[in-house]
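A.B. asks: Here you go, one structure.
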Amino acid sequence: MTESEQFTVPRAVLFRAEQMKQIDACLDELEKNTAVTDTILTDITGQSIVCRGKIDVRDAEALAALIAGSHAASAEFGRVLGKTAPVVNLAHEAVTYTIYSTNVADALILSVAFGKDVKLGMVRVFVEQTCQRLTEIVNELRSAPLDDEQVKLRIVDKDFDNFLEKEFAEITKPRK
Amino acid sequence: MGSTQERLEEILYAMNREGNFEAAMLSMKDGLPLASSPAHYEDDMAAAMVTLLNETVKRINHQLNLSQQVDEISIVGDDRARLVCRYFVVDGNELLLTVLAPPDQSYRRLTNKVIKDVERLWSP
């Protein structure tokens, strides 16, 4: 395969199955303590890693990108105002719900949504606790990264043709 | 078993009932509310005001070279009703327990008990 035939899709973070189990356990604990209704863990590029709650998977993908964009925009606000300290937490407060999101080790963004009966202080305490655990997992990943070959998505011409043919056949299939 | 907030609110509710307190609230030292009883008590405003009070007391302590660790602040009205703020640390978090007690009602024993209950609940 030549250089031009290979496409590499960059991903900021990619976890092993064992690490995903640890992340799930962290999020279980967070949900148990705070009664948050929805939880989304994304990487800073806006790729959804874990989505829990009543959000549709497609909506979660869009939401993940919006959250990452929101953090990036806030960082830019700070920069325009001449602030150098990084943005860590964001809270979107609506009348009946709040979305609180936090930066984890400059690699992930943990976001939770909760109703007006849940106190922000309580969410903040336990999100911080969860962040510490997630940071340990991220640091573990950084100290022993996955083999680079595993994170490359390789698409050769033949594969791409097959993929296109299959998708084309699917969308042109006569509807009943 | 409910969330931590629900369990804290149960503890506060039991204290209010036993002490005939009007309201009770648990908050962070920076003014973020953690739990309150009654549940819909205006805790955002109360927590912010209590935090302001805390800052003032810390300044007074500093200026007068008193102990930096405050145990309690009480404000007593002319009707003898009392606003009590108790300070304590759990798992590295500085917390405030605020109680609105009716005139001439004792509160130390009940608030001590709640502080112990919160410490027990908070510990992993």
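Starting from 1 in every chain, residues are counted up; chains themselves are A, B, ... following the order of the structure tokens, and ligands are numbered from 1 as listed.
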Residues of chain A within 8 Å of chain B, counting only C-alpha atoms, what are they? List them as a VMD selection string.
C.D. replies: chain A and resid 32 to 35 117 to 122
A.B. asks: Output as a compact mmCIF listing (two decimals) with N, CA and C atoms, in the first residue's frame all residues of chain A that backbone DSSP marks as strand (DSSP E).
C.D. replies:
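So the final result, stored in out04.txt, reads:
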```txt
# COMPACT_ATOMS: atom_id res chain seq x y z
N ASP A 38 -28.27 12.48 32.23
CA ASP A 38 -27.52 12.11 31.02
C ASP A 38 -26.04 12.40 31.23
N THR A 39 -25.22 11.53 30.67
CA THR A 39 -23.76 11.70 30.80
C THR A 39 -23.13 11.46 29.43
N ILE A 40 -22.25 12.36 29.04
CA ILE A 40 -21.52 12.15 27.78
C ILE A 40 -20.04 12.38 28.06
N LEU A 41 -19.23 11.43 27.63
CA LEU A 41 -17.78 11.59 27.71
C LEU A 41 -17.27 11.66 26.28
N THR A 42 -16.57 12.75 25.96
CA THR A 42 -16.04 12.92 24.61
C THR A 42 -14.56 13.20 24.71
N ASP A 43 -13.88 13.10 23.57
CA ASP A 43 -12.51 13.60 23.60
C ASP A 43 -12.54 15.05 23.15
N SER A 48 -17.49 11.29 20.40
CA SER A 48 -18.17 10.71 21.56
C SER A 48 -17.50 9.40 21.97
N ILE A 49 -17.25 9.23 23.26
CA ILE A 49 -16.63 7.99 23.77
C ILE A 49 -17.66 7.17 24.52
N VAL A 50 -18.37 7.81 25.44
CA VAL A 50 -19.45 7.14 26.17
C VAL A 50 -20.66 8.05 26.20
N CYS A 51 -21.82 7.47 25.98
CA CYS A 51 -23.05 8.26 26.05
C CYS A 51 -24.06 7.47 26.88
N ARG A 52 -24.58 8.08 27.91
CA ARG A 52 -25.55 7.40 28.78
C ARG A 52 -26.76 8.28 28.98
N ASN A 89 -14.28 24.35 33.66
CA ASN A 89 -15.69 23.96 33.81
C ASN A 89 -16.61 24.92 33.06
N LEU A 90 -17.67 24.35 32.48
CA LEU A 90 -18.70 25.18 31.85
C LEU A 90 -20.05 24.73 32.38
N ALA A 91 -20.92 25.69 32.67
CA ALA A 91 -22.28 25.33 33.11
C ALA A 91 -23.29 26.09 32.25
N HIS A 92 -24.18 25.34 31.61
CA HIS A 92 -25.26 25.95 30.85
C HIS A 92 -26.51 25.80 31.71
N GLU A 93 -27.00 26.89 32.22
CA GLU A 93 -28.15 26.80 33.13
C GLU A 93 -29.43 27.20 32.41
N TYR A 97 -33.27 22.67 33.67
CA TYR A 97 -32.14 21.73 33.70
C TYR A 97 -30.82 22.48 33.58
N THR A 98 -29.75 21.80 33.86
CA THR A 98 -28.41 22.38 33.72
C THR A 98 -27.50 21.36 33.04
N ILE A 99 -26.64 21.85 32.18
CA ILE A 99 -25.59 20.98 31.60
C ILE A 99 -24.26 21.49 32.16
N TYR A 100 -23.55 20.60 32.78
CA TYR A 100 -22.26 20.97 33.39
C TYR A 100 -21.18 20.14 32.71
N SER A 101 -20.15 20.78 32.23
CA SER A 101 -19.09 20.00 31.59
C SER A 101 -17.72 20.45 32.06
N THR A 102 -16.82 19.52 32.06
CA THR A 102 -15.50 19.81 32.60
C THR A 102 -14.40 19.15 31.76
N ASN A 103 -13.28 19.82 31.70
CA ASN A 103 -12.14 19.32 30.94
C ASN A 103 -11.35 18.33 31.80
N VAL A 104 -11.07 17.17 31.24
CA VAL A 104 -10.32 16.16 31.99
C VAL A 104 -8.94 16.00 31.36
N LEU A 108 -10.07 14.86 27.56
CA LEU A 108 -11.49 14.48 27.51
C LEU A 108 -12.36 15.62 28.01
N ILE A 109 -13.64 15.53 27.67
CA ILE A 109 -14.62 16.45 28.25
C ILE A 109 -15.75 15.59 28.82
N LEU A 110 -15.99 15.76 30.10
CA LEU A 110 -17.07 15.03 30.76
C LEU A 110 -18.24 16.00 30.93
N SER A 111 -19.41 15.62 30.41
CA SER A 111 -20.58 16.49 30.50
C SER A 111 -21.74 15.73 31.12
N VAL A 112 -22.47 16.40 31.99
CA VAL A 112 -23.65 15.78 32.60
C VAL A 112 -24.81 16.75 32.54
N ALA A 113 -26.00 16.19 32.40
CA ALA A 113 -27.21 17.02 32.43
C ALA A 113 -28.03 16.59 33.64
N PHE A 114 -28.63 17.56 34.31
CA PHE A 114 -29.43 17.22 35.48
C PHE A 114 -30.57 18.22 35.66
N GLY A 115 -31.59 17.78 36.37
CA GLY A 115 -32.78 18.60 36.58
C GLY A 115 -32.57 19.65 37.65
```
A.B. asks: Measuring between only C-alpha atoms, which one of B:Leu100, B:Val89, B:Tyr107, B:Met25 shows the shortest distance to B:Ser123?
C.D. replies: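 For B:Ser123, the nearest of the given residues is B:Val89.
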A.B. asks: Do you know which residues are at most 12 Å from A:Ala62 counting only C-alpha atoms, after dropping those on the same chain fewer than 4 positions away, and could you put them as a list of chain:residue names?
C.D. replies: A:Ile40, A:Thr42, A:Gly46, A:Gln47, A:Ser48, A:Cys51, A:Ile55, A:Asp56, A:Val57, A:Arg58, A:Leu66, A:Ile67, A:Ala68, A:Gly69
A.B. asks: Go ahead and save the residues from that selection, with N, CA and C atoms, as a CSV table (one decimal), in the first residue's frame.
C.D. replies:
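Full text of out-v7.csv as output:
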```csv
chain,number,residue,atom,x,y,z
A,40,ILE,N,-22.3,12.4,29.0
A,40,ILE,CA,-21.5,12.1,27.8
A,40,ILE,C,-20.0,12.4,28.1
A,42,THR,N,-16.6,12.7,26.0
A,42,THR,CA,-16.0,12.9,24.6
A,42,THR,C,-14.6,13.2,24.7
A,46,GLY,N,-14.2,16.2,20.0
A,46,GLY,CA,-15.6,16.2,19.8
A,46,GLY,C,-16.1,14.8,19.4
A,47,GLN,N,-15.2,13.8,19.6
A,47,GLN,CA,-15.7,12.4,19.3
A,47,GLN,C,-16.3,11.8,20.5
A,48,SER,N,-17.5,11.3,20.4
A,48,SER,CA,-18.2,10.7,21.6
A,48,SER,C,-17.5,9.4,22.0
A,51,CYS,N,-21.8,7.5,26.0
A,51,CYS,CA,-23.0,8.3,26.1
A,51,CYS,C,-24.1,7.5,26.9
A,55,ILE,N,-30.4,10.1,25.6
A,55,ILE,CA,-30.0,10.7,24.4
A,55,ILE,C,-29.9,9.7,23.3
A,56,ASP,N,-30.4,10.0,22.1
A,56,ASP,CA,-30.2,9.1,20.9
A,56,ASP,C,-28.7,9.1,20.5
A,57,VAL,N,-28.2,8.0,20.0
A,57,VAL,CA,-26.8,7.9,19.7
A,57,VAL,C,-26.4,9.0,18.7
A,58,ARG,N,-27.2,9.2,17.7
A,58,ARG,CA,-26.9,10.2,16.7
A,58,ARG,C,-26.8,11.6,17.3
A,66,LEU,N,-20.7,19.6,19.6
A,66,LEU,CA,-21.1,21.0,20.1
A,66,LEU,C,-20.4,21.3,21.5
A,67,ILE,N,-20.3,20.3,22.3
A,67,ILE,CA,-19.7,20.5,23.6
A,67,ILE,C,-18.2,20.9,23.4
A,68,ALA,N,-17.6,20.1,22.6
A,68,ALA,CA,-16.1,20.4,22.3
A,68,ALA,C,-16.0,21.8,21.7
A,69,GLY,N,-16.9,22.1,20.8
A,69,GLY,CA,-16.9,23.5,20.2
A,69,GLY,C,-17.1,24.6,21.2
```
A.B. asks: For B:Pro102, please output as a PyMOL selection string all residues within 9 Å (counting only C-alpha atoms; exclusion window: fewer than 2 positions along the same chain).
C.D. replies: chain B and resi 19-22+79-83+100+104-106
A.B. asks: What does the structure give for the distance between atom CA of A:Lys173 and atom CA of A:Asp161, in Å to one decimal?
C.D. replies: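 Calculated distance between atom CA of A:Lys173 and atom CA of A:Asp161 is 17.9 Å.
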A.B. asks: Can you work out the spacing between atom CA of B:Arg59 and atom CA of B:Thr98 in Å, to one decimal?
C.D. replies: 20.0 Å
A.B. asks: Using only C-alpha atoms, which of A:Ala65, A:Ala94, A:Ile44, A:Ala75 sits nearest A:Val13?
C.D. replies: A:Ile44
A.B. asks: May I have the residues within 9 Å of stretch 67-75 of chain B as a ChimeraX atom specification, using only C-alpha atoms and disregarding those fewer than 4 positions away in the same chain?
C.D. replies: /B:53-54,57-58,61-62,81-88
A.B. asks: Keeping only C-alpha atoms, write the selected residues to a file as a short mmCIF file (atom, residue, chain, number, x, y, z; two decimals), in the first residue's frame.
C.D. replies:
```cif
data_model
loop_
_atom_site.label_atom_id
_atom_site.label_comp_id
_atom_site.auth_asym_id
_atom_site.auth_seq_id
_atom_site.Cartn_x
_atom_site.Cartn_y
_atom_site.Cartn_z
CA LEU B 53 -20.60 36.09 56.04
CA ASN B 54 -17.79 33.55 56.14
CA VAL B 57 -15.52 36.56 59.60
CA LYS B 58 -12.24 35.36 58.09
CA ASN B 61 -10.11 36.85 62.40
CA HIS B 62 -7.14 37.86 60.30
CA ALA B 81 -34.66 33.28 66.37
CA ARG B 82 -31.17 32.22 65.33
CA LEU B 83 -29.23 31.66 62.11
CA VAL B 84 -26.47 29.16 62.83
CA CYS B 85 -23.56 28.41 60.49
CA ARG B 86 -21.37 25.46 61.40
CA TYR B 87 -18.10 24.87 59.56
CA PHE B 88 -16.45 21.51 59.03
#
```
A.B. asks: Quick one: residues within 9 Å of B:Thr111, only C-alpha atoms counted, chain neighbours fewer than 5 positions away excluded, as a ChimeraX atom specification?
C.D. replies: /B:15,86,97,99,116
A.B. asks: Take the residues just selected and output them with N, CA and C atoms as a compact mmCIF listing (two decimals), in the first residue's frame.
C.D. replies:
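Writing done, so here's again_18.txt:
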```txt
# COMPACT_ATOMS: atom_id res chain seq x y z
N MET B 15 -33.24 16.22 61.17
CA MET B 15 -32.78 17.21 62.15
C MET B 15 -33.81 18.32 62.31
N ARG B 86 -22.42 26.33 60.85
CA ARG B 86 -21.37 25.46 61.40
C ARG B 86 -20.41 25.10 60.27
N LEU B 97 -22.80 24.03 57.33
CA LEU B 97 -24.16 23.61 57.67
C LEU B 97 -24.86 24.83 58.25
N VAL B 99 -28.45 26.53 59.67
CA VAL B 99 -29.74 26.15 60.27
C VAL B 99 -30.49 27.40 60.70
N LYS B 116 -21.59 14.62 62.00
CA LYS B 116 -21.04 13.24 62.05
C LYS B 116 -21.69 12.37 60.97
```
A.B. asks: Calculate how many Å separate atom CA of B:Lys29 from atom CA of B:Ala14, rounding to one decimal.
C.D. replies: 23.3 Å
A.B. asks: Which residues in stretch 4-102 of chain B does DSSP call alpha helix (DSSP H)? List them as number ranges by chain.
C.D. replies: B: 4-19, 43-63
A.B. asks: Got a sec: who's within 8 Å of A:Cys26, counting only C-alpha atoms, leaving out chain neighbours fewer than 5 positions off, as a PyMOL selection string?
C.D. replies: chain A and resi 130+133-134
A.B. asks: Please produce a file of the residues just selected, as a PDB file, in the first residue's frame, where the atoms kept are N, CA and C atoms.
C.D. replies:
```pdb
ATOM      1  N   THR A 130     -14.752  12.266  39.911  1.00  0.00           N
ATOM      2  CA  THR A 130     -14.701  11.417  38.717  1.00  0.00           C
ATOM      3  C   THR A 130     -13.544  11.844  37.814  1.00  0.00           C
ATOM      4  N   ARG A 133     -10.265  10.371  38.801  1.00  0.00           N
ATOM      5  CA  ARG A 133     -10.111   8.963  38.390  1.00  0.00           C
ATOM      6  C   ARG A 133      -9.868   8.859  36.885  1.00  0.00           C
ATOM      7  N   LEU A 134     -10.610   9.672  36.120  1.00  0.00           N
ATOM      8  CA  LEU A 134     -10.435   9.639  34.658  1.00  0.00           C
ATOM      9  C   LEU A 134      -9.038  10.127  34.271  1.00  0.00           C
TER      10      LEU A 134
END
```
